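Take a look at the structure below.
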Amino acid sequence: MLRLAFEGLTEKLTAAFKRMRSKGKLTEADVKEAMREVRMALLEADVNFKVAKEFTSKVTEKAVGSEVLESLTPAQQVIKIVNEELIALMGGEQARIASPNRPPCIIMLCGLQGSGKTTHAGKLARMLKGEGHRPLLVAADVYRPAAIEQLKVVGSKVGVPVFEMGQSDPVEIARKGIAEAKLHGYDMVIIDTAGRLHIDENLMQELKDIKATVEPHEILLVIDAMTGQDAVNVADSFNGALGIDGVILTKLDGDTRGGAALSVRSVTGKPIKFVGTGEKLENLEPFYPDRMASRILGMGDVLSFIERAEQQIDERKAMELEQKIRSSQFDFSDLLDQFEQMRRMGPLRQLLSMIPGMDQQIGDQEIDERQIDRTMAMIKSMTMEERTHPKILNAGRKRRIAAGAGVKVEDVNRLIKQLEMMQQMFKHIGGGGKKRIPRRHFNK
């Protein structure tokens, strides 16, 4: 089962707030007891000790006032304060990339070796290209074996050119990369600099030299959320020596306790600008403190869910699907399309966690991602005629489909029954029944 960042913290906070709600009226002692639990939950999530202490002190100070304790919903008021302070802790507002008056915007990526810097250079380039920019990747990591080749592969996958000069001087590569961008009209330059296994003087001096030469508008540090407080210490060191403008926090989808995301801003004074949420090149998202606070408190993140859906759902196909639903022509090919689009949005448990209240309903239940794969395999084992006209699926055809998908005939029968039920429901919605849903309920 995919374990999401903050999952343990969310569970503990939910339990603490549930106990608070059960008391109805709250006393100052109740609030302080709840905040002790919150502080322990934050520490267990690997949040910096000083940050956790200051956070709970601020919440306690605001929550023990008469306006809160004597209100009709004191527990809800305390949760509201916690939410507001979490948002403030992570920076308050979304931090955007600097926009210079004259392009190109120069973005310098730095970080330790193994943090995912080169991959995230590609992810960032893909995101910027999707926003209408013309990015250029610059290969200035000349020490790590195959780093230049890796960046070229990543650049090819996202359709972004890579400027490289082989194993020459990184400062000169960066300088000529900027000149190349100006010459050919690229408005964003992403420089992939060298990393080290640990911070040393040579690394920092090289980064300082590149900074002095190209004068980047953004210096973004790539850090691995899996390393917890070590990530925060690395951020603090880089900021002290180089001066960073923001952070890209990677592997936030992994088995991490999430403490780095809650500590970086307080310790360094620099915002998290992007988060890596998976291994695929599309798995990079802007960091929204308010949305992250909602997810931590188990309130979901509907806006991110909608945005992810909008990025992956083909508008033309959505319109075609609407017409098929209206004319009761929905078939297995359409169902396969829906599964494939959902797959591109990310792991099912990750999607469900964005829906308010769903985390509590799911609890520790296993989400069987393989069931979707098995369903897709059954549909792919059908001929186009069988997908369009399921009624021709006789016993022999069902056995062939089951064998091709590695499932039982009973599974094929169940899938056929599910499609029939969906067709009946869509027929009712589309106008085949007495009840008709107004057009505004469909995708436009």
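Ordered as shown in the structure tokens, chains take letters A, B, and onward, while each chain numbers its residues from 1 and ligands are numbered from 1 in the order shown.
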
Neighbour list for A:Met127 as a VMD selection string, cut-off 12 Å, only C-alpha atoms, skip fewer than 2 positions in-chain: chain A and resid 120 to 125 129 to 135 158 to 160 188 274 276 281 to 286 311

Residues just named, written with N, CA and C atoms as a PDB file, in the first residue's frame:
ATOM      1  N   HIS A 120      14.296  16.271 -11.587  1.00  0.00           N
ATOM      2  CA  HIS A 120      13.384  17.382 -11.300  1.00  0.00           C
ATOM      3  C   HIS A 120      13.662  18.597 -12.185  1.00  0.00           C
ATOM      4  N   ALA A 121      14.864  18.670 -12.749  1.00  0.00           N
ATOM      5  CA  ALA A 121      15.116  19.696 -13.768  1.00  0.00           C
ATOM      6  C   ALA A 121      14.195  19.430 -14.961  1.00  0.00           C
ATOM      7  N   GLY A 122      14.087  18.146 -15.336  1.00  0.00           N
ATOM      8  CA  GLY A 122      13.191  17.756 -16.418  1.00  0.00           C
ATOM      9  C   GLY A 122      11.727  17.975 -16.072  1.00  0.00           C
ATOM     10  N   LYS A 123      11.356  17.649 -14.836  1.00  0.00           N
ATOM     11  CA  LYS A 123       9.969  17.839 -14.395  1.00  0.00           C
ATOM     12  C   LYS A 123       9.587  19.316 -14.435  1.00  0.00           C
ATOM     13  N   LEU A 124      10.507  20.157 -13.968  1.00  0.00           N
ATOM     14  CA  LEU A 124      10.243  21.603 -13.953  1.00  0.00           C
ATOM     15  C   LEU A 124      10.139  22.133 -15.386  1.00  0.00           C
ATOM     16  N   ALA A 125      11.022  21.645 -16.257  1.00  0.00           N
ATOM     17  CA  ALA A 125      10.978  22.068 -17.662  1.00  0.00           C
ATOM     18  C   ALA A 125       9.647  21.679 -18.294  1.00  0.00           C
ATOM     19  N   LYS A 129       6.942  24.323 -19.737  1.00  0.00           N
ATOM     20  CA  LYS A 129       6.535  24.197 -21.136  1.00  0.00           C
ATOM     21  C   LYS A 129       5.009  24.107 -21.241  1.00  0.00           C
ATOM     22  N   GLY A 130       4.394  23.370 -20.315  1.00  0.00           N
ATOM     23  CA  GLY A 130       2.944  23.247 -20.292  1.00  0.00           C
ATOM     24  C   GLY A 130       2.244  24.559 -20.007  1.00  0.00           C
ATOM     25  N   GLU A 131       2.963  25.503 -19.370  1.00  0.00           N
ATOM     26  CA  GLU A 131       2.404  26.821 -19.074  1.00  0.00           C
ATOM     27  C   GLU A 131       2.626  27.812 -20.212  1.00  0.00           C
ATOM     28  N   GLY A 132       3.216  27.324 -21.319  1.00  0.00           N
ATOM     29  CA  GLY A 132       3.413  28.180 -22.484  1.00  0.00           C
ATOM     30  C   GLY A 132       4.798  28.778 -22.620  1.00  0.00           C
ATOM     31  N   HIS A 133       5.737  28.377 -21.752  1.00  0.00           N
ATOM     32  CA  HIS A 133       7.102  28.902 -21.833  1.00  0.00           C
ATOM     33  C   HIS A 133       7.942  28.076 -22.811  1.00  0.00           C
ATOM     34  N   ARG A 134       9.115  28.626 -23.161  1.00  0.00           N
ATOM     35  CA  ARG A 134      10.092  27.905 -23.991  1.00  0.00           C
ATOM     36  C   ARG A 134      11.343  27.683 -23.147  1.00  0.00           C
ATOM     37  N   PRO A 135      11.396  26.569 -22.390  1.00  0.00           N
ATOM     38  CA  PRO A 135      12.543  26.338 -21.519  1.00  0.00           C
ATOM     39  C   PRO A 135      13.737  25.703 -22.240  1.00  0.00           C
ATOM     40  N   VAL A 158      10.517  15.077 -22.329  1.00  0.00           N
ATOM     41  CA  VAL A 158       9.579  16.192 -22.100  1.00  0.00           C
ATOM     42  C   VAL A 158       9.573  17.187 -23.259  1.00  0.00           C
ATOM     43  N   GLY A 159      10.378  16.900 -24.304  1.00  0.00           N
ATOM     44  CA  GLY A 159      10.395  17.766 -25.478  1.00  0.00           C
ATOM     45  C   GLY A 159      11.059  19.102 -25.254  1.00  0.00           C
ATOM     46  N   VAL A 160      12.124  19.114 -24.419  1.00  0.00           N
ATOM     47  CA  VAL A 160      12.845  20.354 -24.125  1.00  0.00           C
ATOM     48  C   VAL A 160      14.316  20.161 -24.504  1.00  0.00           C
ATOM     49  N   MET A 188      13.053  30.622 -20.525  1.00  0.00           N
ATOM     50  CA  MET A 188      13.367  30.029 -19.218  1.00  0.00           C
ATOM     51  C   MET A 188      14.608  29.152 -19.380  1.00  0.00           C
ATOM     52  N   PHE A 274       7.963  23.889  -4.992  1.00  0.00           N
ATOM     53  CA  PHE A 274       7.403  22.746  -5.715  1.00  0.00           C
ATOM     54  C   PHE A 274       7.615  21.477  -4.898  1.00  0.00           C
ATOM     55  N   GLY A 276       7.735  17.112  -5.396  1.00  0.00           N
ATOM     56  CA  GLY A 276       7.707  15.926  -6.239  1.00  0.00           C
ATOM     57  C   GLY A 276       6.803  14.892  -5.598  1.00  0.00           C
ATOM     58  N   LEU A 281       7.551  11.957 -14.849  1.00  0.00           N
ATOM     59  CA  LEU A 281       7.957  13.329 -15.134  1.00  0.00           C
ATOM     60  C   LEU A 281       6.828  14.339 -14.962  1.00  0.00           C
ATOM     61  N   GLU A 282       5.585  13.863 -14.947  1.00  0.00           N
ATOM     62  CA  GLU A 282       4.466  14.775 -14.692  1.00  0.00           C
ATOM     63  C   GLU A 282       4.188  14.954 -13.199  1.00  0.00           C
ATOM     64  N   ASN A 283       4.913  14.215 -12.348  1.00  0.00           N
ATOM     65  CA  ASN A 283       4.652  14.252 -10.902  1.00  0.00           C
ATOM     66  C   ASN A 283       5.418  15.375 -10.201  1.00  0.00           C
ATOM     67  N   LEU A 284       5.110  16.599 -10.600  1.00  0.00           N
ATOM     68  CA  LEU A 284       5.647  17.788  -9.926  1.00  0.00           C
ATOM     69  C   LEU A 284       4.498  18.767  -9.782  1.00  0.00           C
ATOM     70  N   GLU A 285       4.306  19.302  -8.579  1.00  0.00           N
ATOM     71  CA  GLU A 285       3.195  20.210  -8.332  1.00  0.00           C
ATOM     72  C   GLU A 285       3.678  21.457  -7.611  1.00  0.00           C
ATOM     73  N   PRO A 286       3.044  22.608  -7.870  1.00  0.00           N
ATOM     74  CA  PRO A 286       3.329  23.792  -7.054  1.00  0.00           C
ATOM     75  C   PRO A 286       2.939  23.488  -5.605  1.00  0.00           C
ATOM     76  N   GLN A 311      -5.683  18.380 -15.995  1.00  0.00           N
ATOM     77  CA  GLN A 311      -4.456  18.172 -16.754  1.00  0.00           C
ATOM     78  C   GLN A 311      -4.493  16.866 -17.535  1.00  0.00           C
TER      79      GLN A 311
END

Spatial neighbours of A:Thr383, max dist 10 Å, only C-alpha atoms, sep filter under 6 positions, as a PyMOL selection string: chain A and resi 389+397+401

Mind dumping a table of every stretch 157-239 of chain A residue within 7 Å of stretch 248-253 of chain A, with the nearest atom pair and its distance in Å to one decimal, using only C-alpha atoms, sorted by chain and rising number, as a Markdown table?
| residue | atom | partner | partner_atom | distance |
| --- | --- | --- | --- | --- |
| A:Leu220 | CA | A:Ile248 | CA | 6.6 |
| A:Leu221 | CA | A:Ile248 | CA | 6.0 |
| A:Val222 | CA | A:Ile248 | CA | 4.7 |
| A:Ile223 | CA | A:Leu249 | CA | 5.3 |
| A:Asp224 | CA | A:Thr250 | CA | 4.9 |
| A:Ala225 | CA | A:Thr250 | CA | 5.7 |
| A:Met226 | CA | A:Lys251 | CA | 6.5 |

Selection near A:Leu137, 12 Å with only C-alpha atoms, sequence-local residues under 3 positions removed, as an MDAnalysis selection string: chainID A and resid 106:109 118:126 128:129 134 140:141 148 150:156 158:164 173:174 177:178 180:181 186:193

Spatial neighbours of A:Arg387, max dist 9 Å, only C-alpha atoms, sep filter under 3 positions, as a PyMOL selection string: chain A and resi 331-334+379-380+382-384+390

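For the set A:Glu172, A:Glu386, A:Glu420, A:Asp236, the residue with the smallest atom-to-atom gap to A:Ala212 is A:Glu172, counting only C-alpha atoms.
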
Backbone-only DSSP, strand (DSSP E) members of stretch 130-295 of chain A, as a VMD selection string: chain A and resid 135 to 140 162 to 163 188 to 193 218 to 224 246 to 250 272 to 276 284 to 286

Output file for the selection above: C-alpha atoms, as a compact mmCIF listing (two decimals), in the first residue's frame:
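The result, written out as result.txt:
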# COMPACT_ATOMS: atom_id res chain seq x y z
CA PRO A 135 12.54 26.34 -21.52
CA LEU A 136 16.16 25.33 -22.16
CA LEU A 137 17.99 22.82 -19.97
CA VAL A 138 21.70 23.40 -19.33
CA ALA A 139 23.92 20.43 -18.37
CA ALA A 140 26.43 21.85 -15.88
CA VAL A 162 19.49 20.48 -23.66
CA PHE A 163 22.59 22.67 -23.98
CA MET A 188 13.37 30.03 -19.22
CA VAL A 189 16.79 28.51 -18.52
CA ILE A 190 17.19 25.67 -16.04
CA ILE A 191 20.80 24.98 -15.02
CA ASP A 192 21.44 21.48 -13.63
CA THR A 193 24.52 21.94 -11.42
CA GLU A 218 16.00 31.82 -8.85
CA ILE A 219 18.26 29.43 -6.94
CA LEU A 220 16.17 26.39 -6.10
CA LEU A 221 17.49 23.71 -3.75
CA VAL A 222 16.32 20.15 -4.41
CA ILE A 223 16.05 18.14 -1.18
CA ASP A 224 14.77 14.65 -0.43
CA GLY A 246 13.24 28.36 -2.55
CA VAL A 247 13.05 24.59 -2.26
CA ILE A 248 11.86 21.70 -4.40
CA LEU A 249 10.91 18.93 -1.97
CA THR A 250 11.08 15.50 -3.60
CA ILE A 272 8.90 25.38 -0.64
CA LYS A 273 7.98 26.20 -4.24
CA PHE A 274 7.40 22.75 -5.72
CA VAL A 275 6.91 19.18 -4.48
CA GLY A 276 7.71 15.93 -6.24
CA LEU A 284 5.65 17.79 -9.93
CA GLU A 285 3.19 20.21 -8.33
CA PRO A 286 3.33 23.79 -7.05

Among listed residues A:Glu28, A:His217, A:Lys417, A:Glu279, nearest A:Ala98 (using only C-alpha atoms): A:His217

Point-to-point distance in Å for atom CA of A:Met376 and atom CA of A:Ala395: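 Between atom CA of A:Ala395 and atom CA of A:Met376 the gap works out to 19.9 Å.
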
Distance query A:Lys270 at most 12 Å, only C-alpha atoms, self and fewer than 6 positions along chain excluded, as a ChimeraX atom specification: /A:89-92,94-96,218-221,232,235-236,238-240,243-248,261-264

Contact residues around A:Val64 with only C-alpha atoms at 12 Å, ignoring same-chain residues under 3 positions, as a PyMOL selection string: chain A and resi 26-35+56-61+67-71+74-75+77-78+81

Let's have the selection written as an mmCIF file, in the first residue's frame, with N, CA and C atoms.
data_model
loop_
_atom_site.group_PDB
_atom_site.id
_atom_site.type_symbol
_atom_site.label_atom_id
_atom_site.label_comp_id
_atom_site.auth_asym_id
_atom_site.auth_seq_id
_atom_site.Cartn_x
_atom_site.Cartn_y
_atom_site.Cartn_z
ATOM 1 N N LEU A 26 -14.832 23.169 26.451
ATOM 2 C CA LEU A 26 -13.413 22.944 26.708
ATOM 3 C C LEU A 26 -12.911 23.868 27.811
ATOM 4 N N THR A 27 -11.964 23.349 28.576
ATOM 5 C CA THR A 27 -11.285 24.179 29.581
ATOM 6 C C THR A 27 -9.881 24.473 29.071
ATOM 7 N N GLU A 28 -9.204 25.363 29.731
ATOM 8 C CA GLU A 28 -7.820 25.676 29.362
ATOM 9 C C GLU A 28 -6.953 24.428 29.469
ATOM 10 N N ALA A 29 -7.227 23.606 30.477
ATOM 11 C CA ALA A 29 -6.464 22.352 30.664
ATOM 12 C C ALA A 29 -6.688 21.393 29.495
ATOM 13 N N ASP A 30 -7.929 21.361 28.979
ATOM 14 C CA ASP A 30 -8.234 20.502 27.826
ATOM 15 C C ASP A 30 -7.415 20.919 26.605
ATOM 16 N N VAL A 31 -7.354 22.219 26.383
ATOM 17 C CA VAL A 31 -6.613 22.736 25.223
ATOM 18 C C VAL A 31 -5.131 22.413 25.359
ATOM 19 N N LYS A 32 -4.583 22.623 26.549
ATOM 20 C CA LYS A 32 -3.151 22.365 26.761
ATOM 21 C C LYS A 32 -2.826 20.877 26.608
ATOM 22 N N GLU A 33 -3.743 20.024 27.056
ATOM 23 C CA GLU A 33 -3.542 18.583 26.902
ATOM 24 C C GLU A 33 -3.556 18.204 25.420
ATOM 25 N N ALA A 34 -4.498 18.780 24.665
ATOM 26 C CA ALA A 34 -4.573 18.511 23.228
ATOM 27 C C ALA A 34 -3.315 18.993 22.520
ATOM 28 N N MET A 35 -2.802 20.150 22.927
ATOM 29 C CA MET A 35 -1.596 20.691 22.291
ATOM 30 C C MET A 35 -0.355 19.870 22.636
ATOM 31 N N THR A 56 2.934 24.965 18.772
ATOM 32 C CA THR A 56 1.905 24.651 19.774
ATOM 33 C C THR A 56 1.729 25.789 20.770
ATOM 34 N N SER A 57 2.793 26.539 21.030
ATOM 35 C CA SER A 57 2.679 27.691 21.933
ATOM 36 C C SER A 57 1.768 28.759 21.319
ATOM 37 N N LYS A 58 1.934 29.009 20.010
ATOM 38 C CA LYS A 58 1.095 29.994 19.326
ATOM 39 C C LYS A 58 -0.369 29.567 19.323
ATOM 40 N N VAL A 59 -0.610 28.271 19.035
ATOM 41 C CA VAL A 59 -1.983 27.774 18.999
ATOM 42 C C VAL A 59 -2.616 27.863 20.381
ATOM 43 N N THR A 60 -1.878 27.461 21.410
ATOM 44 C CA THR A 60 -2.391 27.498 22.787
ATOM 45 C C THR A 60 -2.755 28.921 23.189
ATOM 46 N N GLU A 61 -1.857 29.859 22.869
ATOM 47 C CA GLU A 61 -2.077 31.260 23.231
ATOM 48 C C GLU A 61 -3.374 31.791 22.611
ATOM 49 N N GLU A 67 -13.133 33.948 23.859
ATOM 50 C CA GLU A 67 -13.927 33.850 22.630
ATOM 51 C C GLU A 67 -13.990 32.418 22.110
ATOM 52 N N VAL A 68 -12.898 31.679 22.305
ATOM 53 C CA VAL A 68 -12.845 30.292 21.833
ATOM 54 C C VAL A 68 -13.507 29.361 22.833
ATOM 55 N N LEU A 69 -13.062 29.417 24.073
ATOM 56 C CA LEU A 69 -13.539 28.461 25.080
ATOM 57 C C LEU A 69 -15.031 28.608 25.368
ATOM 58 N N GLU A 70 -15.572 29.821 25.200
ATOM 59 C CA GLU A 70 -16.993 30.032 25.500
ATOM 60 C C GLU A 70 -17.880 30.000 24.260
ATOM 61 N N SER A 71 -17.286 29.671 23.117
ATOM 62 C CA SER A 71 -18.082 29.610 21.886
ATOM 63 C C SER A 71 -18.920 28.336 21.865
ATOM 64 N N PRO A 74 -16.260 25.130 20.514
ATOM 65 C CA PRO A 74 -14.867 25.404 20.887
ATOM 66 C C PRO A 74 -13.862 24.499 20.182
ATOM 67 N N ALA A 75 -14.173 23.207 20.033
ATOM 68 C CA ALA A 75 -13.242 22.284 19.377
ATOM 69 C C ALA A 75 -13.000 22.703 17.930
ATOM 70 N N GLN A 77 -13.262 25.675 16.747
ATOM 71 C CA GLN A 77 -12.481 26.914 16.765
ATOM 72 C C GLN A 77 -10.990 26.612 16.928
ATOM 73 N N VAL A 78 -10.678 25.647 17.783
ATOM 74 C CA VAL A 78 -9.279 25.260 18.000
ATOM 75 C C VAL A 78 -8.695 24.668 16.713
ATOM 76 N N ILE A 81 -7.866 27.342 14.314
ATOM 77 C CA ILE A 81 -6.608 28.012 14.678
ATOM 78 C C ILE A 81 -5.418 27.165 14.249
#

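Minimum atom-to-atom distances from A:Pro104, A:Arg374, A:Thr14, A:Leu112 to A:Leu183 were compared using only C-alpha atoms, and the lowest value belongs to A:Pro104.
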
Please list as a compact mmCIF listing (two decimals) with N, CA, C and O atoms, in the first residue's frame every residue within 12 Å of A:Gln205, counting only C-alpha atoms and excluding residues in the same chain fewer than 4 positions away.
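Contents of part_2.txt, as written:
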# COMPACT_ATOMS: atom_id res chain seq x y z
N PRO A 170 32.11 24.07 -15.71
CA PRO A 170 30.68 24.30 -15.43
C PRO A 170 30.27 25.77 -15.50
O PRO A 170 29.17 26.09 -15.94
N VAL A 171 31.17 26.66 -15.07
CA VAL A 171 30.85 28.10 -15.10
C VAL A 171 30.70 28.58 -16.54
O VAL A 171 29.78 29.32 -16.89
N ALA A 194 26.21 20.51 -10.45
CA ALA A 194 26.73 19.28 -9.85
C ALA A 194 26.33 19.16 -8.39
O ALA A 194 26.17 20.16 -7.69
N ILE A 199 28.09 18.25 1.65
CA ILE A 199 28.49 19.63 1.36
C ILE A 199 29.99 19.80 1.59
O ILE A 199 30.52 19.40 2.63
N ASP A 200 30.70 20.36 0.60
CA ASP A 200 32.12 20.64 0.80
C ASP A 200 32.47 21.99 0.17
O ASP A 200 31.68 22.59 -0.57
N GLU A 201 33.68 22.47 0.44
CA GLU A 201 34.08 23.81 -0.01
C GLU A 201 34.14 23.92 -1.53
O GLU A 201 33.74 24.93 -2.10
N ASP A 209 30.53 30.58 -7.94
CA ASP A 209 31.10 31.11 -9.19
C ASP A 209 30.03 31.16 -10.28
O ASP A 209 29.96 32.13 -11.05
N ILE A 210 29.22 30.11 -10.37
CA ILE A 210 28.14 30.09 -11.36
C ILE A 210 27.14 31.21 -11.06
O ILE A 210 26.71 31.94 -11.95
N LYS A 211 26.81 31.34 -9.78
CA LYS A 211 25.87 32.39 -9.35
C LYS A 211 26.40 33.77 -9.72
O LYS A 211 25.65 34.61 -10.26
N ALA A 212 27.68 34.03 -9.46
CA ALA A 212 28.28 35.34 -9.74
C ALA A 212 28.34 35.62 -11.24
O ALA A 212 28.18 36.77 -11.68
N PHE A 238 22.95 25.17 2.73
CA PHE A 238 23.00 25.76 1.39
C PHE A 238 22.57 27.22 1.42
O PHE A 238 23.18 28.07 0.74
N ALA A 241 25.40 29.36 2.92
CA ALA A 241 26.61 29.50 2.11
C ALA A 241 26.34 30.13 0.74
O ALA A 241 27.18 30.88 0.22
N LEU A 242 25.18 29.83 0.16
CA LEU A 242 24.91 30.24 -1.22
C LEU A 242 23.81 31.29 -1.32
O LEU A 242 23.88 32.19 -2.15
